[in-house]
Each structure stands twice: as structure tokens, then as C-alpha cells.
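File shown: upload32.cif (mmCIF, C-alpha atoms and all ligand atoms).
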```cif
data_my_file
#
loop_
_atom_site.label_atom_id
_atom_site.label_comp_id
_atom_site.auth_asym_id
_atom_site.auth_seq_id
_atom_site.Cartn_x
_atom_site.Cartn_y
_atom_site.Cartn_z
CA MET G 50 94.06 89.24 112.43
CA THR G 51 90.95 91.29 111.95
CA THR G 52 87.68 89.52 111.47
CA LEU G 53 85.71 90.39 108.39
CA ASP G 54 82.08 91.33 108.57
CA SER G 55 80.07 89.82 105.72
CA ARG G 56 77.84 92.88 105.68
CA ALA G 57 80.70 95.33 105.31
CA PRO G 58 81.20 96.98 101.92
CA PHE G 59 83.68 95.19 99.67
CA VAL G 60 83.53 92.01 101.73
CA LEU G 61 82.39 89.18 99.49
CA ASP G 62 80.99 85.88 100.61
CA THR G 63 82.24 82.97 98.51
CA HIS G 64 80.53 80.11 100.30
CA GLU G 65 78.68 79.01 97.15
CA ILE G 66 81.92 78.22 95.33
CA ALA G 67 84.58 77.89 98.03
CA ARG G 68 86.42 74.54 97.98
CA ARG G 69 84.68 73.63 94.73
CA PRO G 70 87.32 74.18 92.06
CA GLY G 71 85.87 74.86 88.65
CA THR G 72 82.78 76.62 89.90
CA GLN G 73 82.38 80.33 89.47
CA ARG G 74 80.07 83.18 90.22
CA GLU G 75 79.58 86.53 88.56
CA LEU G 76 78.34 89.52 90.39
CA THR G 77 77.64 93.16 89.77
CA LEU G 78 77.48 95.51 92.68
CA SER G 79 77.72 99.14 93.60
CA GLU G 80 79.38 100.37 96.77
CA LYS G 81 80.25 103.72 98.28
CA ALA G 82 83.89 104.73 98.12
CA PRO G 83 85.81 104.63 101.38
CA ALA G 84 87.84 107.61 102.60
CA GLY G 85 91.38 108.27 101.47
CA MET G 86 91.37 106.47 98.15
CA GLY G 87 93.74 108.49 96.02
CA VAL G 88 96.90 110.56 95.79
CA ASP G 89 97.55 114.24 96.57
CA MET G 90 96.17 115.82 93.44
CA LEU G 91 93.53 113.29 92.48
CA GLY G 92 91.33 110.80 94.23
CA VAL G 93 88.01 109.03 94.51
CA PRO G 94 85.65 111.18 96.59
CA GLU G 95 84.46 109.45 99.72
CA GLY G 96 80.91 108.18 99.35
CA SER G 97 80.87 108.29 95.55
CA ASP G 98 79.62 105.23 93.73
CA ILE G 99 82.00 102.47 92.76
CA ASP G 100 80.51 100.03 90.27
CA LEU G 101 82.01 96.59 90.32
CA GLU G 102 81.70 93.83 87.74
CA LEU G 103 83.33 90.77 89.19
CA ARG G 104 83.91 87.14 88.43
CA LEU G 105 84.84 84.84 91.29
CA GLU G 106 86.40 81.57 90.23
CA SER G 107 87.07 78.72 92.55
CA VAL G 108 90.55 77.29 91.97
CA MET G 109 92.62 74.76 93.92
CA GLU G 110 94.41 77.33 96.08
CA GLY G 111 91.49 79.65 96.69
CA ILE G 112 89.28 82.13 94.90
CA LEU G 113 90.46 84.07 91.88
CA VAL G 114 88.79 87.46 91.57
CA THR G 115 88.84 89.26 88.24
CA GLY G 116 86.79 92.15 86.96
CA THR G 117 86.56 95.88 86.73
CA ALA G 118 85.78 98.79 89.01
CA SER G 119 84.41 102.06 87.67
CA VAL G 120 85.14 105.03 89.91
CA HIS G 121 84.73 108.80 89.90
CA THR G 122 87.84 110.88 90.31
CA THR G 123 88.13 114.49 91.39
CA GLY G 124 91.15 116.68 91.88
CA GLU G 125 93.12 119.53 90.39
CA CYS G 126 95.07 119.95 87.19
CA VAL G 127 98.74 120.27 88.14
CA ARG G 128 99.33 122.93 85.48
CA CYS G 129 96.34 125.24 85.75
CA LEU G 130 94.63 124.11 89.01
CA ARG G 131 91.34 123.70 87.20
CA GLU G 132 89.02 121.23 88.87
CA ILE G 133 89.09 117.75 87.41
CA ASP G 134 85.94 115.65 87.53
CA ASP G 135 86.40 112.43 85.67
CA GLU G 136 85.72 108.71 85.67
CA MET G 137 87.96 105.76 85.17
CA THR G 138 87.71 102.01 85.04
CA VAL G 139 90.43 99.84 86.53
CA ASP G 140 91.03 96.13 86.10
CA LEU G 141 91.08 93.93 89.14
CA GLN G 142 92.78 90.57 89.43
CA GLU G 143 93.73 88.87 92.64
CA LEU G 144 93.98 85.37 93.99
CA TYR G 145 92.70 84.98 97.53
CA VAL G 146 94.17 81.84 99.07
CA TYR G 147 92.55 79.64 101.66
CA GLU G 148 93.67 80.03 105.23
CA GLY G 149 96.51 77.68 106.08
CA ASP G 150 98.11 77.75 102.64
CA GLU G 151 101.83 78.53 102.46
CA ASP G 152 101.77 81.32 99.91
CA ASP G 153 102.34 84.53 101.86
CA ASP G 154 102.21 86.85 98.88
CA SER G 155 98.50 86.54 98.32
CA PRO G 156 95.68 87.91 100.42
CA ARG G 157 93.77 85.34 102.37
CA LEU G 158 90.20 84.27 102.60
CA GLU G 159 88.84 84.43 106.10
CA GLY G 160 86.51 81.50 106.21
CA ASP G 161 84.46 82.04 103.06
CA LEU G 162 84.90 85.81 103.13
CA LEU G 163 87.31 87.95 101.19
CA ASN G 164 87.97 91.66 101.50
CA LEU G 165 88.18 93.37 98.13
CA GLU G 166 88.94 96.83 99.49
CA PRO G 167 92.78 96.67 99.73
CA VAL G 168 92.99 95.20 96.22
CA LEU G 169 90.61 97.81 94.86
CA ARG G 170 92.50 100.60 96.62
CA ASP G 171 95.85 99.46 95.21
CA ALA G 172 94.43 99.13 91.70
CA VAL G 173 92.89 102.61 91.82
CA VAL G 174 95.96 104.33 93.30
CA LEU G 175 98.22 102.63 90.75
CA ALA G 176 95.99 103.73 87.88
CA LEU G 177 95.73 107.37 88.97
CA PRO G 178 98.04 109.71 87.06
CA HIS G 179 100.60 111.36 89.35
CA ASN G 180 100.38 114.59 87.37
CA PRO G 181 96.71 114.87 86.49
CA LEU G 182 95.81 117.28 83.72
CA CYS G 183 92.43 118.83 82.91
CA VAL G 184 93.08 118.12 79.23
CA PRO G 185 96.03 116.14 77.85
CA ASP G 186 97.82 119.22 76.50
CA CYS G 187 96.82 121.75 79.14
CA PRO G 188 98.92 124.86 78.44
CA GLY G 189 98.87 125.87 82.10
CA LEU G 190 98.95 129.41 83.42
CA CYS G 191 100.44 132.53 81.88
CA PRO G 192 103.73 133.14 83.67
CA GLU G 193 103.13 136.90 83.43
CA CYS G 194 99.62 137.29 84.78
CA GLY G 195 98.41 133.85 85.84
CA VAL G 196 95.37 133.48 83.60
CA ARG G 197 94.52 130.03 82.32
CA LEU G 198 95.92 129.91 78.82
CA ALA G 199 93.31 127.33 77.85
CA ASP G 200 90.61 129.95 78.51
CA ASP G 201 92.41 132.57 76.48
CA PRO G 202 94.65 131.00 73.83
CA GLU G 203 95.21 134.31 72.00
CA HIS G 204 96.55 135.81 75.18
CA THR G 205 99.68 137.91 74.81
CA HIS G 206 101.40 140.66 76.74
CA GLY G 207 102.12 143.60 74.51
CA GLU G 208 101.78 147.21 75.52
CA ALA G 209 98.49 146.71 77.28
CA VAL G 210 99.17 145.07 80.61
CA ASP G 211 96.45 144.87 83.21
CA PRO G 212 96.93 148.10 85.20
CA ARG G 213 96.91 146.24 88.51
CA TRP G 214 99.81 144.04 87.46
CA SER G 215 101.58 146.97 85.88
CA ALA G 216 101.43 148.82 89.17
CA LEU G 217 102.67 145.76 91.01
CA SER G 218 105.60 145.22 88.68
CA GLN G 219 106.63 148.86 89.05
CA MET G 220 106.57 148.36 92.79
CA TYR G 221 108.94 145.42 92.47
CA GLU G 222 111.21 147.31 90.12
CA GLY G 223 111.32 150.10 92.68
CA ASN G 224 112.37 147.67 95.36
CA ASP G 225 115.07 146.14 93.21
CA ARG G 226 116.67 149.44 92.44
CA PRO G 227 119.47 150.20 94.88
CA ALA G 228 118.54 153.06 97.18
CA GLY G 229 120.69 155.90 95.94
CA GLY G 230 124.32 155.08 95.14
CA SER G 231 124.87 152.11 97.36
CA ASP G 232 127.21 150.71 94.70
CA ALA G 233 129.59 153.62 95.11
CA THR G 234 132.84 153.12 96.95
CA GLY G 235 133.24 154.70 100.31
CA PRO G 236 131.50 154.31 103.64
CA GLY G 237 128.89 151.52 103.65
CA PRO G 238 125.38 152.86 103.28
CA GLY G 239 123.80 150.62 105.86
CA PRO G 240 124.33 147.89 108.40
CA ASP G 241 122.93 145.20 106.09
CA GLU G 242 125.45 145.77 103.37
CA GLU G 243 128.47 143.99 104.89
CA LYS G 244 128.65 140.80 106.83
ZN ZN W 301 94.82 122.38 83.24
ZN ZN W 302 99.20 136.78 80.85
#
```
Kindly transcribe the structure held in the file into C-alpha cells.
Ligand SMILES: [Zn+2]
Ligand SMILES: [Zn+2]
Amino acid sequence: MTTLDSRAPFVLDTHEIARRPGTQRELTLSEKAPAGMGVDMLGVPEGSDIDLELRLESVMEGILVTGTASVHTTGECVRCLREIDDEMTVDLQELYVYEGDEDDDSPRLEGDLLNLEPVLRDAVVLALPHNPLCVPDCPGLCPECGVRLADDPEHTHGEAVDPRWSALSQMYEGNDRPAGGSDATGPGPGPDEEK
């Protein structure tokens, strides 16, 4: 088992209330986010501020921690790849049991110390949307030319196509066209045609 350091971020010292059921302590603190808190498209940037409002309650089995954590989130919209820079507040609730208790489902206190980080990490990851969007109804990208439709809602493709894309699409059409009568019967036109 690792030994907690009382000076480490997210390690809380409960000695004032430990083993004194009915007592409680409230604390407000700000810590820097650890690395790797998030999912592929969205996460809490390392080193950004995490503001915690916590209540520690001494109960028979251990210390009940409840409260909220406010975090910054950054990532990319899954539809239009626009940068997302947002904030969210997650609820925390966890019972830390005293060492030696039978309950294996709960995290343990180490002496009077508890480590909030795994609980915080789980709460944040659970609360993050798996398909983050820049705005709830992000229309995504134009399938024809790739512009962000949110930037240009009137956007249509009529006669006037961007000349660069027009040239490109002609190139593709040229490639798709069979090279001169390959669909005719008779001798195969090339080695690739038959298996
Ligand atoms: Zn978007
Ligand atoms: Zn377009």
C-alpha cells in the first residue's frame, strides 16, 4: 500500500474529526489539476485550477466526504472540431472507512489521511460527455466543402462552388471514369482487371 503524504494535493488530513462521530469540518480549497484527467475528446487541462467545497463528516465507519469540485474542461467538438473551453461542477460523495474495517468497497483512510484524487477523477470522468459539442445543436461541417455550418448557416452549394474544390472534384471524376472502353468485351485491357 502506498503511503500518503499530507502535503500532497488532494490529500486531506482528518485528525480533528477522526474517531469522533458527529463532528464535521468544512473546507474550501483550490488545487492544480493532475495529468490525464479526462477522456479522448475532452478533459481537465493539467495544472488548471480545481476549486473544491467539501464537508467532512465523522461517522462510525469513517469519514464521509461530500461536496463539489469546479473544473475547467477543454477539448474538441466531435462534429465540427471547434475548440471547447468550458467549466463544469461535479458532485462528490464518498465514504472513507477506517483501516481494519471489513468493507472492501470503500476507499480507506490511511491513518488520519484520505486521498481525494481517485474519487475526484472518477466523478469528473463520469460527468464528461462522451461526445462533446461546442453548442448543444452544433450542425457540424458541410459534407461538400468542410466549412463549419455554425459559422455560415446560409451556406449552400448551388452553381458557385469554390474553384479549388471544383477542380478537385473534376479530378476525382476523371479518375472514376474507366480509361477508354474497358467495359467492352474482348481482351482484358490491363493486368489489374482480372483476378
Ligand atoms: Zn461544433
Ligand atoms: Zn459547403
Env. residues ligand ZN 301 (chain W) / 8 Å / all atoms listed in the file / as a VMD selection string | chain G and resid 125 to 131 182 to 184 187 to 189 197 199
Shell of 7 Å around ligand ZN 302 (chain W) (only C-alpha atoms and all ligand atoms), written as a PyMOL selection string | chain G and resi 191-196+204-206
Excluding Ser97 of chain G and residues on its chain fewer than 5 positions from it, collect all residues at most 7 Å away from it, counting only C-alpha atoms, and give them as a ChimeraX atom specification.
-> /G:81-82,121
Give me the residues within 12 Å of Gly149 of chain G as a list in words, counting all atoms listed in the file and dropping any in the same chain fewer than 3 places off.
-> Glu110, Gly111, Tyr145, Val146, Asp152, Asp153, Ser155, Pro156, Arg157, Leu158, Glu159 and Gly160 of chain G
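Around His179 of chain G, within 8 Å and counting only C-alpha atoms, the residues found are Val88, Met90 and Leu91 of chain G, once anything fewer than 3 positions away on its own chain is removed.
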Contacts of Asp134 of chain G at 8 Å (only C-alpha atoms; same-chain gap of 6+ positions) as a PyMOL selection string | chain G and resi 121-124
Those same residues - C-alpha atoms - I'd like them written as a PDB file, in the coordinates of the input.
```pdb
ATOM      1  CA  HIS G 121      84.730 108.800  89.900  1.00  0.00           C
ATOM      2  CA  THR G 122      87.840 110.880  90.310  1.00  0.00           C
ATOM      3  CA  THR G 123      88.130 114.490  91.390  1.00  0.00           C
ATOM      4  CA  GLY G 124      91.150 116.680  91.880  1.00  0.00           C
TER       5      GLY G 124
END
```
Straight-line distance linking atom CA of Ala84 of chain G with atom CA of Ala57 of chain G, stated in Å to one decimal =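 Atom-to-atom, atom CA of Ala84 of chain G to atom CA of Ala57 of chain G, that is 14.5 Å.
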